[in-house]
>>> print(open('upload.cif').read())   # mmCIF, C-alpha atoms
data_input
loop_
_atom_site.label_atom_id
_atom_site.label_comp_id
_atom_site.auth_asym_id
_atom_site.auth_seq_id
_atom_site.Cartn_x
_atom_site.Cartn_y
_atom_site.Cartn_z
CA MET A 1 23.09 203.70 254.77
CA THR A 2 25.55 200.84 255.32
CA ASP A 3 28.30 199.95 252.88
CA THR A 4 26.76 196.48 252.52
CA TYR A 5 23.40 197.92 251.45
CA ARG A 6 25.13 200.31 249.03
CA THR A 7 27.10 197.44 247.48
CA HIS A 8 23.91 195.37 247.19
CA CYS A 9 22.09 198.18 245.33
CA MET A 10 25.06 198.72 243.01
CA LYS A 11 25.18 195.02 242.15
CA LEU A 12 21.44 194.92 241.44
CA ALA A 13 21.82 197.99 239.21
CA GLY A 14 24.76 196.38 237.45
CA TYR A 15 22.99 193.10 236.72
CA THR A 16 19.82 194.91 235.60
CA ALA A 17 21.80 197.12 233.21
CA LEU A 18 23.90 194.18 232.02
CA ILE A 19 20.95 192.00 231.06
CA GLY A 20 18.83 194.84 229.69
CA ASN A 21 21.56 196.41 227.55
CA ALA A 22 22.85 193.06 226.33
CA LEU A 23 19.39 192.20 225.01
CA LEU A 24 18.97 195.65 223.45
CA ALA A 25 22.42 195.53 221.86
CA LEU A 26 21.72 192.09 220.39
CA VAL A 27 18.35 193.15 218.97
CA LYS A 28 19.68 196.39 217.48
CA ILE A 29 22.80 194.86 215.95
CA LEU A 30 20.72 192.06 214.38
CA PHE A 31 18.18 194.55 213.05
CA ALA A 32 21.00 196.75 211.75
CA HIS A 33 22.56 193.74 209.97
CA PHE A 34 19.32 192.79 208.22
CA SER A 35 18.19 196.36 207.52
CA GLY A 36 21.58 197.75 206.49
CA SER A 37 21.13 200.83 208.70
CA LEU A 38 24.35 202.36 209.97
CA ALA A 39 22.41 204.57 212.40
CA VAL A 40 20.85 201.54 214.08
CA MET A 41 24.25 199.83 214.13
CA GLY A 42 25.63 202.89 215.93
CA ASP A 43 22.82 202.64 218.47
CA GLY A 44 23.69 198.98 218.95
CA ILE A 45 27.34 199.86 219.52
CA ASP A 46 26.27 202.43 222.10
CA SER A 47 24.26 199.75 223.93
CA SER A 48 27.32 197.49 223.83
CA THR A 49 29.33 200.14 225.67
CA ASP A 50 26.50 200.23 228.21
CA VAL A 51 27.09 196.53 228.79
CA LEU A 52 30.70 197.38 229.67
CA ILE A 53 29.45 200.02 232.12
CA ALA A 54 27.27 197.37 233.78
CA LEU A 55 30.17 194.93 234.02
CA LEU A 56 32.37 197.61 235.57
CA THR A 57 29.62 198.46 238.05
CA ILE A 58 29.43 194.84 239.20
CA ILE A 59 33.22 194.52 239.50
CA VAL A 60 33.62 197.88 241.23
CA SER A 61 30.84 197.15 243.73
CA SER A 62 32.94 194.25 245.03
CA ILE A 63 36.19 196.24 245.16
CA ILE A 64 34.84 199.27 247.03
CA ALA A 65 33.34 197.00 249.69
CA ARG A 66 36.84 196.04 250.84
CA PRO A 67 38.03 197.76 254.02
CA GLY A 68 41.09 199.99 254.09
CA ASP A 69 44.48 198.33 254.34
CA LYS A 70 48.16 199.30 254.56
CA GLU A 71 48.36 200.11 250.86
CA HIS A 72 44.95 201.82 250.76
CA PRO A 73 44.36 203.51 254.13
CA TRP A 74 41.56 205.61 252.61
CA GLY A 75 39.75 202.49 251.47
CA HIS A 76 39.02 201.38 247.90
CA ALA A 77 36.21 203.78 246.95
CA ARG A 78 38.31 205.46 244.24
CA ALA A 79 38.11 202.23 242.23
CA GLU A 80 34.71 203.47 241.09
CA THR A 81 36.24 206.70 239.80
CA THR A 82 39.15 204.96 238.07
CA ALA A 83 36.84 202.46 236.37
CA THR A 84 34.53 205.22 235.17
CA LEU A 85 37.50 207.17 233.78
CA LEU A 86 38.64 204.08 231.87
CA LEU A 87 35.12 203.68 230.58
CA SER A 88 35.18 207.18 229.07
CA PHE A 89 38.02 206.10 226.77
CA ILE A 90 36.11 202.99 225.66
CA ILE A 91 33.02 205.07 224.90
CA PHE A 92 35.11 207.64 223.02
CA PHE A 93 36.70 204.93 220.86
CA ALA A 94 33.27 203.48 219.99
CA GLY A 95 31.96 206.92 219.01
CA ALA A 96 35.06 207.73 216.94
CA GLN A 97 34.74 204.45 215.01
CA LEU A 98 31.13 205.24 214.20
CA VAL A 99 32.00 208.76 213.04
CA LEU A 100 34.68 207.40 210.68
CA GLN A 101 32.31 204.80 209.24
CA SER A 102 29.63 207.45 208.76
CA PHE A 103 32.02 209.74 206.89
CA GLN A 104 33.00 206.90 204.59
CA ARG A 105 29.35 206.04 203.91
CA ILE A 106 28.53 209.71 203.21
CA LEU A 107 31.51 210.09 200.85
CA HIS A 108 31.02 206.85 198.93
CA GLY A 109 27.24 206.59 199.15
CA PRO A 110 25.03 203.78 200.57
CA GLU A 111 26.32 200.27 199.91
CA GLY A 112 22.83 198.92 199.39
CA ALA A 113 19.14 199.44 200.03
CA ILE A 114 18.10 200.12 203.62
CA ASP A 115 15.07 198.38 205.11
CA SER A 116 13.72 201.45 206.89
CA PHE A 117 10.80 199.54 208.42
CA LEU A 118 13.10 197.20 210.38
CA SER A 119 15.24 200.17 211.36
CA ILE A 120 12.23 202.08 212.68
CA VAL A 121 11.13 199.03 214.74
CA ALA A 122 14.65 198.79 216.20
CA ALA A 123 14.59 202.48 217.16
CA LEU A 124 11.21 202.07 218.86
CA VAL A 125 12.44 199.02 220.81
CA SER A 126 15.49 201.01 221.87
CA PHE A 127 13.42 203.97 223.08
CA VAL A 128 11.13 201.82 225.23
CA GLY A 129 13.92 199.63 226.59
CA LYS A 130 16.18 202.55 227.48
CA GLY A 131 13.27 204.32 229.18
CA LEU A 132 12.60 201.36 231.46
CA LEU A 133 16.29 200.94 232.28
CA SER A 134 16.62 204.64 233.05
CA LEU A 135 13.81 204.51 235.62
CA VAL A 136 15.24 201.43 237.34
CA LEU A 137 18.84 202.71 237.42
CA PHE A 138 17.88 206.14 238.71
CA ARG A 139 16.13 204.39 241.57
CA TYR A 140 19.12 202.18 242.41
CA GLY A 141 21.50 205.11 241.94
CA SER A 142 19.59 207.16 244.51
CA LEU A 143 19.46 204.28 246.97
CA ALA A 144 23.19 203.57 246.66
CA ASN A 145 24.23 207.20 246.09
CA SER A 146 26.61 205.84 243.45
CA ASP A 147 28.11 208.09 240.79
CA ILE A 148 28.68 205.28 238.32
CA VAL A 149 25.06 204.07 238.63
CA LYS A 150 23.67 207.61 238.38
CA ALA A 151 25.89 208.28 235.37
CA ASN A 152 24.63 205.11 233.73
CA ALA A 153 21.02 206.09 234.43
CA LEU A 154 21.63 209.51 232.85
CA ASN A 155 23.28 207.73 229.94
CA MET A 156 20.11 205.68 229.47
CA ARG A 157 18.06 208.88 229.40
CA ASN A 158 20.43 210.38 226.83
CA ASP A 159 20.09 207.21 224.77
CA MET A 160 16.33 207.77 224.68
CA ILE A 161 16.92 211.17 223.10
CA MET A 162 19.35 209.56 220.67
CA SER A 163 16.75 206.94 219.74
CA VAL A 164 14.22 209.68 219.02
CA GLY A 165 16.76 211.35 216.70
CA ILE A 166 17.46 208.08 214.91
CA LEU A 167 13.74 207.38 214.60
CA GLY A 168 13.12 210.82 213.11
CA GLY A 169 15.94 210.41 210.60
CA LEU A 170 14.72 206.97 209.55
CA ILE A 171 11.15 208.15 209.10
CA LEU A 172 12.31 211.09 206.96
CA SER A 173 14.55 208.76 204.96
CA ARG A 174 11.56 206.48 204.28
CA LEU A 175 9.17 209.31 203.45
CA PHE A 176 11.51 211.13 201.06
CA SER A 177 13.42 208.08 199.75
CA CYS A 178 16.70 209.66 200.84
CA PRO A 179 19.06 206.90 202.11
CA ILE A 180 21.89 209.39 202.69
CA LEU A 181 20.04 210.50 205.83
CA ASP A 182 20.98 207.22 207.51
CA PRO A 183 24.78 207.84 207.62
CA VAL A 184 24.12 211.49 208.47
CA VAL A 185 22.09 210.45 211.50
CA ALA A 186 24.77 207.86 212.35
CA LEU A 187 27.37 210.64 212.24
CA LEU A 188 25.35 212.69 214.71
CA VAL A 189 24.97 209.62 216.94
CA GLY A 190 28.73 209.13 216.89
CA LEU A 191 29.35 212.76 217.83
CA TRP A 192 26.80 212.38 220.64
CA ILE A 193 28.70 209.35 221.98
CA ILE A 194 32.02 211.26 221.84
CA LYS A 195 30.45 214.22 223.67
CA ASN A 196 29.20 211.93 226.46
CA ALA A 197 32.67 210.37 226.76
CA ALA A 198 34.28 213.81 227.04
CA CYS A 199 31.86 214.93 229.76
CA LEU A 200 32.41 211.71 231.70
CA PHE A 201 36.19 212.11 231.44
CA TYR A 202 36.01 215.70 232.68
CA ASP A 203 33.93 214.79 235.74
CA MET A 204 36.11 211.85 236.75
CA ASN A 205 39.36 213.72 236.11
CA MET A 206 38.10 216.55 238.34
CA GLU A 207 37.56 214.04 241.14
CA LEU A 208 40.93 212.31 240.71
CA MET A 209 42.62 215.72 240.91
CA ASP A 210 40.75 216.39 244.17
CA GLY A 211 38.73 219.17 242.55
CA ASN A 212 35.26 220.30 243.58
CA THR A 213 32.96 222.55 241.57
CA ASP A 214 30.10 222.61 244.10
CA SER A 215 30.65 225.89 245.95
CA SER A 216 27.51 225.36 248.04
CA LEU A 217 29.37 222.69 250.04
CA TYR A 218 31.79 225.31 251.33
CA THR A 219 28.90 227.55 252.32
CA LYS A 220 27.35 224.70 254.32
CA LEU A 221 30.72 223.79 255.83
CA PHE A 222 31.41 227.31 257.13
CA ALA A 223 27.83 227.76 258.37
CA ALA A 224 27.97 224.45 260.28
CA ALA A 225 31.26 225.40 261.93
CA MET A 226 30.02 228.84 262.97
CA SER A 227 26.88 227.30 264.46
CA VAL A 228 29.02 225.79 267.24
CA GLN A 229 29.53 228.05 270.24
CA GLY A 230 33.19 228.94 270.79
CA VAL A 231 34.21 228.73 267.14
CA SER A 232 35.41 231.72 265.15
CA ASN A 233 37.06 232.43 261.79
CA PRO A 234 36.63 229.11 259.96
CA HIS A 235 39.14 229.08 257.10
CA GLY A 236 41.58 226.90 255.19
CA ALA A 237 38.74 224.67 254.02
CA ARG A 238 39.38 221.97 251.45
CA ILE A 239 36.83 219.50 250.15
CA ARG A 240 37.52 216.57 247.88
CA LYS A 241 35.37 213.72 246.67
CA ILE A 242 36.13 210.06 247.21
CA ALA A 243 33.63 208.21 245.01
CA SER A 244 30.26 209.21 246.47
CA ARG A 245 31.56 210.63 249.77
CA TRP A 246 33.33 213.79 250.92
CA ASP A 247 36.68 214.25 252.65
CA MET A 248 37.00 217.65 254.39
CA ASP A 249 39.74 219.72 256.00
CA LEU A 250 38.97 222.84 258.05
CA HIS A 251 40.86 225.32 260.24
CA ILE A 252 39.00 227.10 263.05
CA GLU A 253 39.97 229.49 265.83
CA ALA A 254 39.08 229.16 269.51
CA SER A 255 39.95 230.87 272.79
CA PRO A 256 43.63 230.32 273.70
CA THR A 257 42.63 229.76 277.33
CA ILE A 258 40.72 226.49 276.83
CA SER A 259 42.37 223.19 277.72
CA LEU A 260 43.48 220.54 275.25
CA TYR A 261 40.52 218.40 276.30
CA GLU A 262 38.09 221.28 275.69
CA ALA A 263 39.65 221.92 272.29
CA HIS A 264 39.17 218.27 271.39
CA GLU A 265 35.53 218.37 272.51
CA LEU A 266 35.03 221.53 270.45
CA SER A 267 36.37 219.84 267.33
CA GLU A 268 34.03 216.89 267.96
CA ARG A 269 31.03 219.23 268.12
CA VAL A 270 32.12 220.94 264.90
CA GLU A 271 32.44 217.59 263.16
CA ASP A 272 28.96 216.55 264.33
CA ALA A 273 27.52 219.83 263.04
CA ILE A 274 29.19 219.33 259.66
CA ARG A 275 27.91 215.77 259.33
CA LYS A 276 24.37 216.96 260.09
CA ALA A 277 24.61 219.73 257.49
CA ILE A 278 26.22 217.72 254.70
CA ASP A 279 25.31 214.19 253.63
CA ASP A 280 27.82 211.41 252.93
CA VAL A 281 30.81 212.89 254.75
CA TYR A 282 33.67 210.37 254.89
CA THR A 283 36.19 212.13 257.12
CA VAL A 284 36.54 215.59 258.69
CA THR A 285 39.95 216.85 259.78
CA ILE A 286 39.82 219.95 261.99
CA HIS A 287 42.82 222.07 262.95
CA ILE A 288 42.28 224.41 265.92
CA GLU A 289 44.28 227.66 266.21
CA PRO A 290 44.40 230.26 269.01
CA GLU A 291 41.89 233.01 268.40
CA GLY A 292 43.47 236.02 266.71
CA SER A 293 46.68 234.17 265.91
CA ASP A 294 48.07 234.29 262.41
CA SER A 295 51.24 232.31 263.07
CA HIS A 296 49.97 229.34 261.06
CA GLN A 297 48.80 231.30 258.05
CA ARG A 298 51.30 230.23 255.41
CA PRO A 299 51.38 231.77 251.90
CA GLU A 300 51.32 228.29 250.33
CA GLU A 301 48.03 227.33 252.01
CA TYR A 302 45.36 226.65 249.39
CA GLY A 303 42.31 226.22 251.60
CA LEU A 304 39.30 228.49 251.07
CA SER A 305 37.81 231.04 253.47
CA PRO A 306 34.29 232.55 253.59
CA GLU A 307 33.88 235.32 251.05
#
>>> encode(input="upload.cif", output="structure tokens")
Amino acid sequence: MTDTYRTHCMKLAGYTALIGNALLALVKILFAHFSGSLAVMGDGIDSSTDVLIALLTIIVSSIIARPGDKEHPWGHARAETTATLLLSFIIFFAGAQLVLQSFQRILHGPEGAIDSFLSIVAALVSFVGKGLLSLVLFRYGSLANSDIVKANALNMRNDMIMSVGILGGLILSRLFSCPILDPVVALLVGLWIIKNAACLFYDMNMELMDGNTDSSLYTKLFAAAMSVQGVSNPHGARIRKIASRWDMDLHIEASPTISLYEAHELSERVEDAIRKAIDDVYTVTIHIEPEGSDSHQRPEEYGLSPE
């Protein structure tokens, strides 16, 4: 997959999400205004944050396409991570505002009658619209292998669940003539938005700190290295994520009698084996040590070894 194709898919996903969520947000906020439903207003706010995600996706797709330069020798892929981290704060703020409004409505009671029929229609429109967007974005996210697009697609799927919850609360409110259910549902929606923001922040912060929670990658890395004849004791492995790709460091041991040229060729074969075993590898840095030597094993080394 070329970077140009990946950028193209990300832009298509961004424009699709932008137009779709903008329309949904407009419909839900209008319906919330005329129906007086705080829960529907919260759903409209959530769709508005999705518009911001789409805008960021479009902007980021242009930034990450730039080649590396003197200031950014690793390229600009981390712009996607930084933008997504910023987005988590925006989503958190929107959820917190909704929670505060819901508490006030619960404490002081409804300000007026709620048109539950309009609210139910808005929830149904949201469920269908989010479902269609989820399908489209998951497709583009897979084609581009983009974290921000996949996260947005998952967000659309979560919004479908949220719409079902809102719909259930509105139906119960209409059946039992209990308007207090509307701010209660809105409160739950706000907490749901905050939870999504926290999860998004955790994932992006893990990446910015060069963390990796996928232990299976190390298993594949060591197995690929050992599959190359002449390699022994792979160790000192470190894997970090740069947007949707992987940067890897690995120490291996080889016979001390081979020439420098042979050692270089051995490292090339190891790199090829790793790239075949693991998708979307950005760079592989291999350090070769004499077999049986422990002179380079420093106490401060943080790389992992096979268990």
>>> closest_residue(input="upload.cif", among="A:Arg238, A:Arg78, A:His287, A:Arg174", to="Ala263 in chain A", atoms="all atoms listed in the file")
A:His287
>>> resolve_selection(input="upload.cif", expression="the PyMOL selection byres ((chain A and resi 40-49) around 7)", output="JSON, numbers by chain")
{"A": [21, 22, 24, 25, 28, 29, 32, 37, 38, 39, 50, 51, 52, 53, 91, 94, 98, 119, 186, 189]}
>>> resolve_selection(input="upload.cif", expression="the PyMOL selection byres ((chain A and resi 93) around 12)", output="PyMOL selection string")
chain A and resi 45-46+49+86-92+94-100+190-191+193-198
>>> resolve_selection(input="upload.cif", expression="the PyMOL selection byres ((chain A and resi 181) around 10)", output="short mmCIF file (atom, residue, chain, number, x, y, z; two decimals) with C-alpha atoms, keeping the file's coordinate frame")
data_model
loop_
_atom_site.label_atom_id
_atom_site.label_comp_id
_atom_site.auth_asym_id
_atom_site.auth_seq_id
_atom_site.Cartn_x
_atom_site.Cartn_y
_atom_site.Cartn_z
CA ALA A 39 22.41 204.57 212.40
CA ILE A 106 28.53 209.71 203.21
CA PRO A 110 25.03 203.78 200.57
CA ILE A 166 17.46 208.08 214.91
CA GLY A 169 15.94 210.41 210.60
CA LEU A 170 14.72 206.97 209.55
CA ILE A 171 11.15 208.15 209.10
CA LEU A 172 12.31 211.09 206.96
CA SER A 173 14.55 208.76 204.96
CA ARG A 174 11.56 206.48 204.28
CA PHE A 176 11.51 211.13 201.06
CA SER A 177 13.42 208.08 199.75
CA CYS A 178 16.70 209.66 200.84
CA PRO A 179 19.06 206.90 202.11
CA ILE A 180 21.89 209.39 202.69
CA ASP A 182 20.98 207.22 207.51
CA PRO A 183 24.78 207.84 207.62
CA VAL A 184 24.12 211.49 208.47
CA VAL A 185 22.09 210.45 211.50
CA ALA A 186 24.77 207.86 212.35
CA LEU A 187 27.37 210.64 212.24
#
>>> atom_distance(input="upload.cif", atom1="CA of Asn155 in chain A", atom2="CA of Val60 in chain A")
18.2 Å
>>> atom_distance(input="upload.cif", atom1="CA of Ile274 in chain A", atom2="CA of Ile288 in chain A")
15.4 Å
>>> atom_distance(input="upload.cif", atom1="CA of Gly165 in chain A", atom2="CA of Gly141 in chain A")
26.4 Å
>>> residues_around(input="upload.cif", residues="Met206 in chain A", least_positions_apart="5", cutoff="12 Å", atoms="all atoms listed in the file", output="list in words")
Thr81, Thr82, Leu85, Cys199, Leu200, Phe201, Gly211, Asn212, Thr213, Asp214, Arg240, Lys241, Ile242 and Ala243 of chain A
>>> residues_around(input="upload.cif", residues="Lys130 in chain A", least_positions_apart="4", cutoff="8 Å", atoms="only C-alpha atoms", output="PyMOL selection string")
chain A and resi 126+134+156-157+159-160
>>> residues_around(input="upload.cif", residues="range 222-228 of chain A", least_positions_apart="5", cutoff="12 Å", atoms="all atoms listed in the file", output="ChimeraX atom specification")
/A:215-217,233-239,248-254,265-278,284,286,288,304-307
>>> closest_residue(input="upload.cif", among="A:Leu133, A:Leu118, A:Leu56, A:Leu143", to="Ile19 in chain A", atoms="all atoms listed in the file")
A:Leu133
>>> closest_residue(input="upload.cif", among="A:Glu80, A:Asp247, A:Glu262, A:Glu71", to="Ser146 in chain A", atoms="all atoms listed in the file")
A:Glu80
>>> axis_aligned_box(input="upload.cif", around="range 189-197 of chain A", padding_each_side="5 Å", output="lines of an AutoDock Vina configuration file")
center_x = 28.8
center_y = 211.7
center_z = 221.8
size_x = 17.7
size_y = 15.1
size_z = 19.9
>>> closest_residue(input="upload.cif", among="A:Gln104, A:Phe127, A:Ser255, A:Val136", to="Val149 in chain A", atoms="only C-alpha atoms")
A:Val136
>>> build_atoms(input="upload.cif", residues="range 158-169 of chain A", atoms="all heavy atoms", output="short mmCIF file (atom, residue, chain, number, x, y, z; two decimals), keeping the file's coordinate frame")
data_model
loop_
_atom_site.label_atom_id
_atom_site.label_comp_id
_atom_site.auth_asym_id
_atom_site.auth_seq_id
_atom_site.Cartn_x
_atom_site.Cartn_y
_atom_site.Cartn_z
N ASN A 158 19.86 209.79 228.05
CA ASN A 158 20.43 210.38 226.83
C ASN A 158 20.22 209.48 225.63
O ASN A 158 19.98 209.96 224.51
CB ASN A 158 21.92 210.64 227.03
CG ASN A 158 22.20 211.75 228.01
OD1 ASN A 158 21.34 212.60 228.26
ND2 ASN A 158 23.40 211.76 228.57
N ASP A 159 20.31 208.16 225.86
CA ASP A 159 20.09 207.21 224.77
C ASP A 159 18.66 207.27 224.25
O ASP A 159 18.41 207.01 223.07
CB ASP A 159 20.41 205.79 225.25
CG ASP A 159 21.90 205.56 225.42
OD1 ASP A 159 22.68 206.40 224.94
OD2 ASP A 159 22.27 204.56 226.07
N MET A 160 17.72 207.60 225.13
CA MET A 160 16.33 207.77 224.68
C MET A 160 16.23 208.93 223.69
O MET A 160 15.55 208.82 222.66
CB MET A 160 15.42 208.03 225.89
CG MET A 160 15.24 206.86 226.82
SD MET A 160 14.23 207.32 228.27
CE MET A 160 12.66 207.69 227.48
N ILE A 161 16.92 210.01 224.01
CA ILE A 161 16.92 211.17 223.10
C ILE A 161 17.57 210.78 221.77
O ILE A 161 17.11 211.15 220.69
CB ILE A 161 17.68 212.34 223.75
CG1 ILE A 161 16.98 212.76 225.05
CG2 ILE A 161 17.76 213.54 222.79
CD1 ILE A 161 17.74 213.80 225.86
N MET A 162 18.67 210.01 221.87
CA MET A 162 19.35 209.56 220.67
C MET A 162 18.44 208.67 219.82
O MET A 162 18.41 208.79 218.59
CB MET A 162 20.62 208.79 221.05
CG MET A 162 21.46 208.36 219.87
SD MET A 162 23.07 207.72 220.40
CE MET A 162 22.55 206.25 221.29
N SER A 163 17.67 207.81 220.47
CA SER A 163 16.75 206.94 219.74
C SER A 163 15.67 207.73 219.03
O SER A 163 15.26 207.39 217.91
CB SER A 163 16.10 205.93 220.71
OG SER A 163 17.06 205.06 221.26
N VAL A 164 15.21 208.81 219.67
CA VAL A 164 14.22 209.68 219.02
C VAL A 164 14.82 210.32 217.76
O VAL A 164 14.17 210.41 216.71
CB VAL A 164 13.75 210.78 220.00
CG1 VAL A 164 12.90 211.82 219.28
CG2 VAL A 164 12.94 210.16 221.13
N GLY A 165 16.09 210.76 217.86
CA GLY A 165 16.76 211.35 216.70
C GLY A 165 16.92 210.35 215.57
O GLY A 165 16.68 210.67 214.40
N ILE A 166 17.31 209.13 215.92
CA ILE A 166 17.46 208.08 214.91
C ILE A 166 16.11 207.77 214.27
O ILE A 166 16.00 207.63 213.05
CB ILE A 166 18.05 206.81 215.54
CG1 ILE A 166 19.50 207.06 215.97
CG2 ILE A 166 17.98 205.63 214.58
CD1 ILE A 166 20.11 205.92 216.76
N LEU A 167 15.08 207.68 215.10
CA LEU A 167 13.74 207.38 214.60
C LEU A 167 13.28 208.46 213.63
O LEU A 167 12.74 208.15 212.55
CB LEU A 167 12.77 207.29 215.79
CG LEU A 167 11.33 206.85 215.47
CD1 LEU A 167 11.32 205.46 214.85
CD2 LEU A 167 10.49 206.87 216.75
N GLY A 168 13.51 209.73 213.99
CA GLY A 168 13.12 210.82 213.11
C GLY A 168 13.85 210.77 211.78
O GLY A 168 13.25 210.97 210.71
N GLY A 169 15.16 210.50 211.83
CA GLY A 169 15.94 210.41 210.60
C GLY A 169 15.48 209.26 209.71
O GLY A 169 15.41 209.40 208.48
#
